[in-house]
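Q: Next comes the structure file run-v9.cif, holding mmCIF, C-alpha atoms.
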```cif
data_final
#
loop_
_atom_site.label_atom_id
_atom_site.label_comp_id
_atom_site.auth_asym_id
_atom_site.auth_seq_id
_atom_site.Cartn_x
_atom_site.Cartn_y
_atom_site.Cartn_z
CA MET A 45 48.33 -0.91 7.80
CA TRP A 46 44.82 -0.23 9.02
CA VAL A 47 43.03 2.18 6.65
CA THR A 48 39.65 3.69 7.42
CA SER A 49 37.44 6.58 6.31
CA SER A 50 35.56 6.63 9.60
CA PRO A 51 37.07 7.75 12.91
CA ASP A 52 34.54 5.41 14.57
CA THR A 53 36.45 2.38 13.28
CA ALA A 54 39.93 3.78 13.91
CA LEU A 55 42.35 2.01 16.23
CA LYS A 56 42.64 4.05 19.44
CA PRO A 57 44.23 5.81 21.23
CA THR A 58 46.39 7.49 18.62
CA ALA A 59 49.56 9.45 18.03
CA VAL A 60 48.53 11.66 15.12
CA ALA A 61 50.42 13.24 12.22
CA LEU A 62 47.95 15.66 10.69
CA GLY A 63 48.04 17.05 7.12
CA ASN A 64 47.48 16.20 3.46
CA PHE A 65 50.69 14.22 2.83
CA ASP A 66 50.38 14.10 -0.96
CA GLY A 67 53.70 12.72 -2.14
CA VAL A 68 54.88 11.64 1.33
CA HIS A 69 57.97 13.72 0.57
CA ARG A 70 60.95 14.50 2.80
CA GLY A 71 59.05 17.26 4.60
CA HIS A 72 56.12 14.94 5.34
CA GLN A 73 58.53 12.31 6.61
CA GLN A 74 59.76 14.73 9.27
CA VAL A 75 56.16 15.36 10.40
CA VAL A 76 55.64 11.61 10.73
CA LYS A 77 58.77 10.96 12.83
CA PRO A 78 57.40 12.23 16.19
CA ILE A 79 54.39 9.88 16.11
CA LEU A 80 56.63 6.88 15.51
CA LYS A 81 58.52 7.69 18.69
CA ALA A 82 55.29 8.35 20.60
CA SER A 83 53.87 4.94 19.61
CA ASP A 84 56.90 2.90 20.69
CA VAL A 85 55.77 0.07 22.93
CA PRO A 86 58.00 -0.63 25.96
CA GLY A 87 59.02 -4.24 26.15
CA VAL A 88 58.29 -4.93 22.47
CA PRO A 89 61.39 -5.33 20.28
CA THR A 90 61.98 -3.03 17.34
CA LEU A 91 59.95 -4.30 14.40
CA PRO A 92 60.03 -3.70 10.64
CA PRO A 93 57.63 -1.16 9.09
CA SER A 94 55.05 -3.85 8.31
CA SER A 95 54.72 -4.72 11.99
CA LEU A 96 51.09 -3.70 12.57
CA HIS A 97 50.02 -7.31 12.98
CA ARG A 98 52.58 -7.81 15.74
CA ARG A 99 51.50 -4.56 17.38
CA LEU A 100 47.88 -5.66 17.34
CA GLU A 101 48.86 -9.00 18.85
CA TYR A 102 50.44 -7.04 21.67
CA HIS A 103 47.22 -5.08 22.15
CA TRP A 104 45.19 -8.26 22.26
CA GLN A 105 47.56 -9.83 24.78
CA SER A 106 47.44 -6.75 26.98
CA GLN A 107 43.68 -7.17 27.21
CA SER A 108 43.60 -10.97 27.47
CA GLU A 109 41.81 -10.83 30.80
CA ASP A 110 38.66 -9.80 28.92
CA THR A 111 37.95 -13.15 27.25
CA GLY A 112 34.37 -12.30 26.37
CA ARG A 113 35.37 -9.92 23.57
CA SER A 114 36.61 -10.79 20.11
CA PRO A 115 40.03 -9.65 18.86
CA GLU A 116 38.28 -7.31 16.42
CA THR A 117 36.57 -5.57 19.31
CA LYS A 118 39.75 -5.48 21.34
CA ILE A 119 41.53 -3.66 18.52
CA LEU A 120 39.20 -0.73 18.92
CA SER A 121 39.21 -0.63 22.68
CA SER A 122 41.32 1.47 25.03
CA ASN A 123 44.97 0.61 25.63
CA GLU A 124 48.03 2.30 27.00
CA HIS A 125 50.10 2.69 23.85
CA PRO A 126 48.95 4.88 20.95
CA ILE A 127 48.77 3.74 17.35
CA ALA A 128 51.01 5.70 14.95
CA THR A 129 48.33 7.33 12.81
CA VAL A 130 48.37 9.67 9.82
CA VAL A 131 45.16 11.69 9.56
CA THR A 132 44.42 13.34 6.25
CA PHE A 133 41.41 14.66 4.34
CA ASN A 134 39.41 13.18 1.47
CA PRO A 135 38.95 14.97 -0.82
CA HIS A 136 41.71 17.55 -0.49
CA PRO A 137 40.10 20.71 1.01
CA ARG A 138 41.19 22.78 -2.00
CA GLU A 139 39.47 20.32 -4.33
CA PHE A 140 36.33 20.46 -2.18
CA PHE A 141 36.09 24.26 -2.30
CA THR A 142 37.10 24.80 -5.93
CA GLY A 143 35.41 21.77 -7.47
CA GLN A 144 38.55 21.19 -9.53
CA ARG A 145 40.04 17.71 -9.33
CA ARG A 146 43.67 17.61 -8.29
CA GLY A 147 46.25 15.25 -9.72
CA LEU A 148 47.84 13.30 -6.88
CA LEU A 149 51.52 12.49 -6.52
CA THR A 150 50.47 9.51 -4.39
CA PRO A 151 46.97 8.11 -4.96
CA ARG A 152 45.69 6.17 -1.97
CA PRO A 153 47.40 2.79 -2.66
CA GLU A 154 50.76 4.53 -3.15
CA LYS A 155 50.28 6.67 -0.07
CA VAL A 156 49.52 3.59 2.00
CA ARG A 157 52.69 1.85 0.77
CA GLN A 158 54.89 4.87 1.43
CA LEU A 159 53.48 5.54 4.90
CA GLU A 160 53.68 1.87 5.85
CA ALA A 161 57.33 1.82 4.77
CA LEU A 162 57.98 4.64 7.25
CA GLY A 163 56.42 2.64 10.08
CA VAL A 164 52.96 4.26 10.17
CA GLU A 165 50.36 1.81 11.43
CA GLN A 166 47.11 3.50 10.51
CA LEU A 167 45.72 5.94 7.92
CA VAL A 168 42.50 7.80 8.71
CA LEU A 169 40.93 9.56 5.72
CA LEU A 170 38.58 12.15 7.21
CA PRO A 171 35.66 12.80 4.83
CA PHE A 172 35.99 16.51 4.08
CA ASP A 173 32.48 17.92 3.79
CA ARG A 174 30.62 21.09 4.76
CA GLU A 175 30.16 19.88 8.32
CA LEU A 176 33.87 19.32 8.83
CA ALA A 177 34.76 22.54 7.00
CA ALA A 178 32.48 24.52 9.35
CA LEU A 179 34.19 23.35 12.55
CA SER A 180 36.05 26.05 14.47
CA PRO A 181 39.61 25.24 15.58
CA GLN A 182 38.30 24.56 19.10
CA GLN A 183 35.57 22.27 17.78
CA PHE A 184 37.99 20.40 15.52
CA VAL A 185 40.24 19.55 18.43
CA GLU A 186 37.35 18.61 20.72
CA LYS A 187 35.32 16.57 18.23
CA ILE A 188 37.95 14.98 15.99
CA LEU A 189 41.21 14.74 17.92
CA VAL A 190 39.84 14.28 21.43
CA GLY A 191 36.39 12.78 20.94
CA GLN A 192 36.82 10.56 17.90
CA LEU A 193 40.53 9.73 17.73
CA ARG A 194 41.50 9.99 21.41
CA ALA A 195 44.82 11.51 20.37
CA GLN A 196 47.60 11.46 22.94
CA SER A 197 50.00 13.49 20.79
CA VAL A 198 49.86 15.39 17.50
CA SER A 199 52.51 16.36 14.97
CA VAL A 200 52.01 19.01 12.25
CA GLY A 201 54.13 21.23 10.02
CA GLU A 202 54.65 24.69 11.44
CA ASP A 203 52.58 26.23 8.61
CA PHE A 204 49.58 23.96 9.29
CA ARG A 205 46.19 25.70 9.22
CA PHE A 206 42.88 24.20 10.28
CA GLY A 207 39.30 24.99 11.23
CA CYS A 208 36.68 27.10 9.47
CA GLN A 209 38.29 29.38 6.87
CA ARG A 210 41.70 28.10 7.97
CA ALA A 211 41.42 30.25 11.08
CA GLY A 212 43.58 28.04 13.30
CA THR A 213 47.38 28.08 13.27
CA GLY A 214 49.87 25.59 14.61
CA ALA A 215 50.24 27.75 17.70
CA ASP A 216 46.45 27.68 18.18
CA LEU A 217 46.44 23.90 17.87
CA LYS A 218 49.17 23.64 20.47
CA ALA A 219 47.31 25.88 22.93
CA ILE A 220 43.91 24.20 22.50
CA ALA A 221 45.32 20.68 22.63
CA HIS A 222 47.36 21.51 25.74
CA SER A 223 44.14 22.03 27.71
CA TYR A 224 43.28 18.38 26.98
CA GLY A 225 46.73 17.10 27.90
CA ILE A 226 47.73 16.52 24.28
CA ASN A 227 51.29 17.36 23.32
CA VAL A 228 51.68 19.04 19.91
CA THR A 229 54.94 19.02 17.93
CA LEU A 230 55.36 21.82 15.38
CA VAL A 231 57.84 20.59 12.78
CA PRO A 232 59.89 23.34 11.07
CA LEU A 233 59.54 23.73 7.31
CA GLN A 234 62.04 21.54 5.50
CA THR A 235 64.34 22.78 2.74
CA CYS A 236 66.68 21.13 0.28
CA GLU A 237 69.54 23.12 -1.23
CA GLY A 238 67.79 26.31 -0.21
CA GLU A 239 64.39 25.42 -1.69
CA ARG A 240 61.34 24.66 0.41
CA ILE A 241 60.14 21.07 0.10
CA SER A 242 56.47 21.01 -0.87
CA SER A 243 54.09 18.99 -3.03
CA SER A 244 53.48 21.99 -5.31
CA VAL A 245 57.20 22.49 -5.96
CA ILE A 246 57.54 18.77 -6.78
CA ARG A 247 54.61 18.96 -9.20
CA GLN A 248 56.20 21.93 -10.93
CA ALA A 249 59.53 20.11 -11.25
CA LEU A 250 57.77 17.08 -12.76
CA GLN A 251 55.88 19.27 -15.22
CA GLU A 252 59.16 20.78 -16.36
CA GLY A 253 60.88 17.40 -16.71
CA ASP A 254 63.27 18.28 -13.87
CA LEU A 255 63.24 14.75 -12.52
CA GLU A 256 66.45 15.21 -10.55
CA GLN A 257 64.86 18.01 -8.52
CA ALA A 258 61.57 16.17 -8.02
CA ASN A 259 63.28 12.99 -6.85
CA ARG A 260 65.59 14.93 -4.56
CA LEU A 261 62.64 16.61 -2.81
CA LEU A 262 60.66 13.39 -2.63
CA GLY A 263 63.62 11.52 -1.18
CA ARG A 264 63.07 8.70 -3.70
CA PRO A 265 62.31 8.29 -7.42
CA TYR A 266 58.85 9.30 -8.58
CA THR A 267 56.78 6.20 -9.34
CA LEU A 268 53.90 5.17 -11.54
CA THR A 269 51.95 2.01 -10.71
CA GLY A 270 49.44 0.58 -13.13
CA LEU A 271 47.82 -2.48 -14.66
CA VAL A 272 49.18 -3.74 -17.98
CA VAL A 273 46.37 -3.63 -20.55
CA LYS A 274 46.23 -4.22 -24.28
CA GLY A 275 47.07 -1.28 -26.51
CA GLN A 276 47.52 -1.05 -30.26
CA GLN A 277 50.49 -3.44 -30.09
CA LEU A 278 52.42 -1.27 -32.53
CA GLY A 279 55.68 -1.58 -30.59
CA ARG A 280 56.07 -5.28 -31.25
CA THR A 281 55.80 -4.69 -35.03
CA ILE A 282 58.98 -2.58 -34.94
CA GLY A 283 60.86 -4.79 -32.50
CA PHE A 284 60.11 -2.89 -29.29
CA PRO A 285 57.11 -4.42 -27.50
CA THR A 286 55.72 -2.20 -24.77
CA ALA A 287 53.59 -2.65 -21.68
CA ASN A 288 50.66 -0.22 -21.81
CA LEU A 289 49.97 0.96 -18.25
CA GLN A 290 46.50 1.85 -17.02
CA LEU A 291 47.07 4.29 -14.14
CA PRO A 292 44.65 5.61 -11.52
CA SER A 293 42.70 8.48 -13.06
CA GLU A 294 43.85 10.85 -10.31
CA LYS A 295 47.58 10.10 -10.76
CA PHE A 296 49.68 13.18 -11.55
CA LEU A 297 51.64 12.65 -14.77
CA PRO A 298 55.01 14.31 -15.36
CA ARG A 299 56.09 16.04 -18.55
CA GLN A 300 55.38 14.13 -21.73
CA GLY A 301 58.46 12.46 -23.12
CA VAL A 302 60.84 9.53 -22.73
CA TYR A 303 62.33 8.37 -19.42
CA CYS A 304 64.88 5.86 -18.18
CA VAL A 305 63.06 3.66 -15.66
CA ARG A 306 63.38 0.73 -13.34
CA VAL A 307 60.48 -1.71 -13.41
CA TYR A 308 59.11 -3.95 -10.68
CA SER A 309 56.09 -6.19 -10.85
CA GLU A 310 53.40 -7.85 -8.83
CA THR A 311 50.13 -9.49 -9.75
CA GLU A 312 46.77 -8.18 -8.59
CA ASP A 313 46.93 -10.47 -5.56
CA GLY A 314 50.29 -8.98 -4.55
CA SER A 315 52.53 -11.86 -5.70
CA GLU A 316 55.34 -11.17 -8.11
CA ALA A 317 54.94 -11.66 -11.85
CA THR A 318 57.43 -13.89 -13.59
CA GLY A 319 59.02 -14.02 -16.99
CA GLN A 320 62.48 -14.26 -18.48
CA THR A 321 65.30 -11.74 -18.58
CA GLU A 322 67.89 -12.36 -21.29
CA THR A 323 71.58 -12.56 -20.44
CA GLY A 324 74.25 -10.90 -22.49
CA ASN A 325 74.50 -13.90 -24.83
CA GLY A 326 70.77 -13.84 -25.58
CA GLU A 327 69.85 -16.72 -23.27
CA ALA A 328 66.94 -16.23 -20.88
CA LYS A 329 67.87 -16.21 -17.20
CA VAL A 330 65.87 -18.53 -14.95
CA ALA A 331 66.01 -19.21 -11.24
CA ALA A 332 67.96 -22.19 -9.83
CA ASP A 333 64.74 -24.14 -9.32
CA GLY A 334 63.85 -23.75 -13.01
CA CYS A 335 61.18 -21.11 -12.40
CA SER A 336 61.27 -17.77 -14.18
CA LEU A 337 62.67 -14.86 -12.22
CA PRO A 338 60.44 -12.02 -11.00
CA ILE A 339 60.70 -8.80 -12.94
CA GLU A 340 63.22 -6.34 -11.58
CA GLY A 341 64.29 -4.78 -14.80
CA ILE A 342 65.27 -1.59 -16.55
CA GLY A 343 63.68 0.06 -19.52
CA VAL A 344 62.51 3.16 -21.31
CA MET A 345 59.06 4.68 -20.89
CA ASN A 346 57.12 7.04 -23.11
CA ILE A 347 54.38 9.33 -21.80
CA GLY A 348 52.42 11.07 -24.52
CA ASN A 349 50.06 10.97 -27.48
CA ARG A 350 52.31 9.07 -29.94
CA PRO A 351 52.25 11.78 -32.65
CA THR A 352 54.18 9.64 -35.15
CA VAL A 353 51.13 7.35 -35.50
CA ASP A 354 48.63 10.22 -35.10
CA GLY A 355 47.65 9.24 -31.57
CA THR A 356 44.95 11.34 -29.94
CA THR A 357 44.99 10.13 -26.33
CA SER A 358 47.76 10.11 -23.78
CA THR A 359 49.33 6.74 -22.99
CA VAL A 360 52.04 5.43 -20.70
CA GLU A 361 54.09 2.69 -22.36
CA VAL A 362 57.15 0.87 -21.03
CA HIS A 363 59.67 -1.16 -23.01
CA LEU A 364 61.65 -3.51 -20.78
CA LEU A 365 65.19 -4.17 -21.88
CA ASP A 366 66.12 -7.84 -22.34
CA TRP A 367 62.73 -9.06 -21.19
CA VAL A 368 60.66 -11.90 -22.65
CA GLY A 369 57.27 -12.73 -21.19
CA ASP A 370 53.55 -12.03 -20.97
CA LEU A 371 52.71 -9.00 -18.83
CA TYR A 372 49.00 -8.60 -19.52
CA GLY A 373 47.01 -8.38 -16.31
CA LYS A 374 50.14 -7.75 -14.23
CA THR A 375 50.68 -4.70 -12.07
CA LEU A 376 53.93 -2.85 -12.74
CA THR A 377 55.60 -0.20 -10.62
CA VAL A 378 57.90 2.04 -12.60
CA THR A 379 60.43 4.34 -10.95
CA LEU A 380 61.46 7.34 -13.04
CA GLU A 381 65.24 7.66 -12.95
CA GLN A 382 66.08 10.16 -15.70
CA PHE A 383 64.25 12.31 -18.26
CA LEU A 384 65.76 11.60 -21.69
CA ARG A 385 63.90 13.80 -24.16
CA PRO A 386 60.53 15.37 -25.00
CA GLU A 387 58.06 13.43 -27.11
CA GLN A 388 58.42 14.20 -30.80
CA LYS A 389 56.90 13.29 -34.16
CA PHE A 390 59.09 11.32 -36.55
CA ALA A 391 58.84 11.21 -40.32
CA SER A 392 58.48 7.43 -40.40
CA LEU A 393 58.30 4.33 -38.24
CA ASP A 394 61.87 3.53 -39.24
CA ALA A 395 63.01 6.90 -37.87
CA LEU A 396 61.05 6.20 -34.66
CA LYS A 397 62.68 2.76 -34.39
CA THR A 398 66.14 4.28 -34.77
CA GLN A 399 65.46 6.80 -32.00
CA ILE A 400 64.10 4.11 -29.66
CA GLN A 401 67.37 2.20 -30.16
CA VAL A 402 69.26 5.34 -29.15
CA ASP A 403 67.00 5.75 -26.09
CA CYS A 404 67.60 2.14 -25.05
CA GLU A 405 71.36 2.56 -25.30
CA ALA A 406 71.13 5.73 -23.20
CA ALA A 407 69.23 3.77 -20.55
CA ARG A 408 71.80 0.96 -20.56
CA ALA A 409 74.61 3.47 -20.19
CA LEU A 410 72.86 5.20 -17.29
CA PHE A 411 72.26 2.03 -15.35
CA ARG A 412 75.77 0.69 -16.04
CA THR A 413 77.11 3.89 -14.47
CA GLU A 414 74.82 3.55 -11.44
CA ASP A 415 75.66 -0.11 -10.94
#
```
When written as structure tokens, how does the structure in this file appear?

A:
Amino acid sequence: MWVTSSPDTALKPTAVALGNFDGVHRGHQQVVKPILKASDVPGVPTLPPSSLHRRLEYHWQSQSEDTGRSPETKILSSNEHPIATVVTFNPHPREFFTGQRRGLLTPRPEKVRQLEALGVEQLVLLPFDRELAALSPQQFVEKILVGQLRAQSVSVGEDFRFGCQRAGTGADLKAIAHSYGINVTLVPLQTCEGERISSSVIRQALQEGDLEQANRLLGRPYTLTGLVVKGQQLGRTIGFPTANLQLPSEKFLPRQGVYCVRVYSETEDGSEATGQTETGNGEAKVAADGCSLPIEGIGVMNIGNRPTVDGTTSTVEVHLLDWVGDLYGKTLTVTLEQFLRPEQKFASLDALKTQIQVDCEAARALFRTED
């Protein structure tokens, strides 16, 4: 996916899905759908979500008569078929006006992965500043959508507001854009079991430990992705070594407590980490070629201050079941499958160890049921 903070370096023309898209939840996914259809290229076979490179090759080929220009220049030049583009704001307008930092369901790397999985080819992060905030609805369409992005179509939620003091509605956007030949799709608000799907509702569910509701509205399990760093290494002294995750500072954390999780890994360069997963008889599983298998494991995760050992800062620690290996420096992605219990203070380390054993058995039972 092509990601840029400057409309000047965006791939053009575009089919634009416009909004904040924090969480890339089921409602956002419906807003994205129209731009995927609008960017379909006749004569090019259906491609997987990571097909931007193939799409760009098509653009280069379509302009092959102009041999004096480099491929990089050709990417940015005019062509017949629009690039499926999500346009969002950085920072979030509410954060800009209030000065209060917002926890994000999907920090930028996560948002990129989720959008790319949907088939989005480009993410444009418009710098939200006083100049942008002062644009009238008419000026926003003329300057940003028409002038800078050369949008051929636009998709927004029906409650979308834009322009100075949020003066413009979806209907206004449709009317203004129509005068420039731009088709606007207003996507109805999405609900799930009678409840509106929104980022704020998902945050509230996560805060309350209602993981089932949060995951249902997201359309997938909530994830945490972080680098494994050294902690106090207390877990290994009681037989439960943990991976201490360093998360992006802006990542929204759910309710403190213990969760059943699935764990996936990759190194900083994107390749998968390796180690050993024990079989039922205690032997470590290895691949047929003798190499260790990549991590795709299950475990239990604790989010909290570790009151039993008088912890003062919040940590995110994961214990992988039946795993043997060195995880330091690896990047883990953890999907939250079930909330087990709130964090609590135990009278002793032995009492803590006993409870962790219970938590691990609960996780095993959950995943046996799912499998």

Q: Convert the output of the PyMOL selection byres ((chain A and resi 210) around 12) on the shown file into explicit residues, formatted as a PyMOL selection string.

A: chain A and resi 137-138+176-181+184+203-209+211-214+216-217

Q: Within 8 Å of Glu252 in chain A, counting only C-alpha atoms, which residues show up once you throw out same-chain ones fewer than 2 positions away? Write them as a PyMOL selection string, please.

A: chain A and resi 248-250+254+298-299

Q: Let me make sure I understand: among A:Asn349, A:Ser199, A:Gln300, A:Gln166, which one has the smallest atom-to-atom distance to Gly253 in chain A if we use all atoms listed in the file?

A: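 The closest residue to Gly253 in chain A is A:Gln300.
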
Q: CA of Lys155 in chain A and CA of Leu169 in chain A, how far apart in Å?

A: 11.4 Å

Q: Nearest residue to Glu175 in chain A out of A:Ile188, A:Ala219, A:Ala258, A:Leu80, using all atoms listed in the file?

A: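 With all atoms listed in the file as the atom set, the closest residue is A:Ile188.
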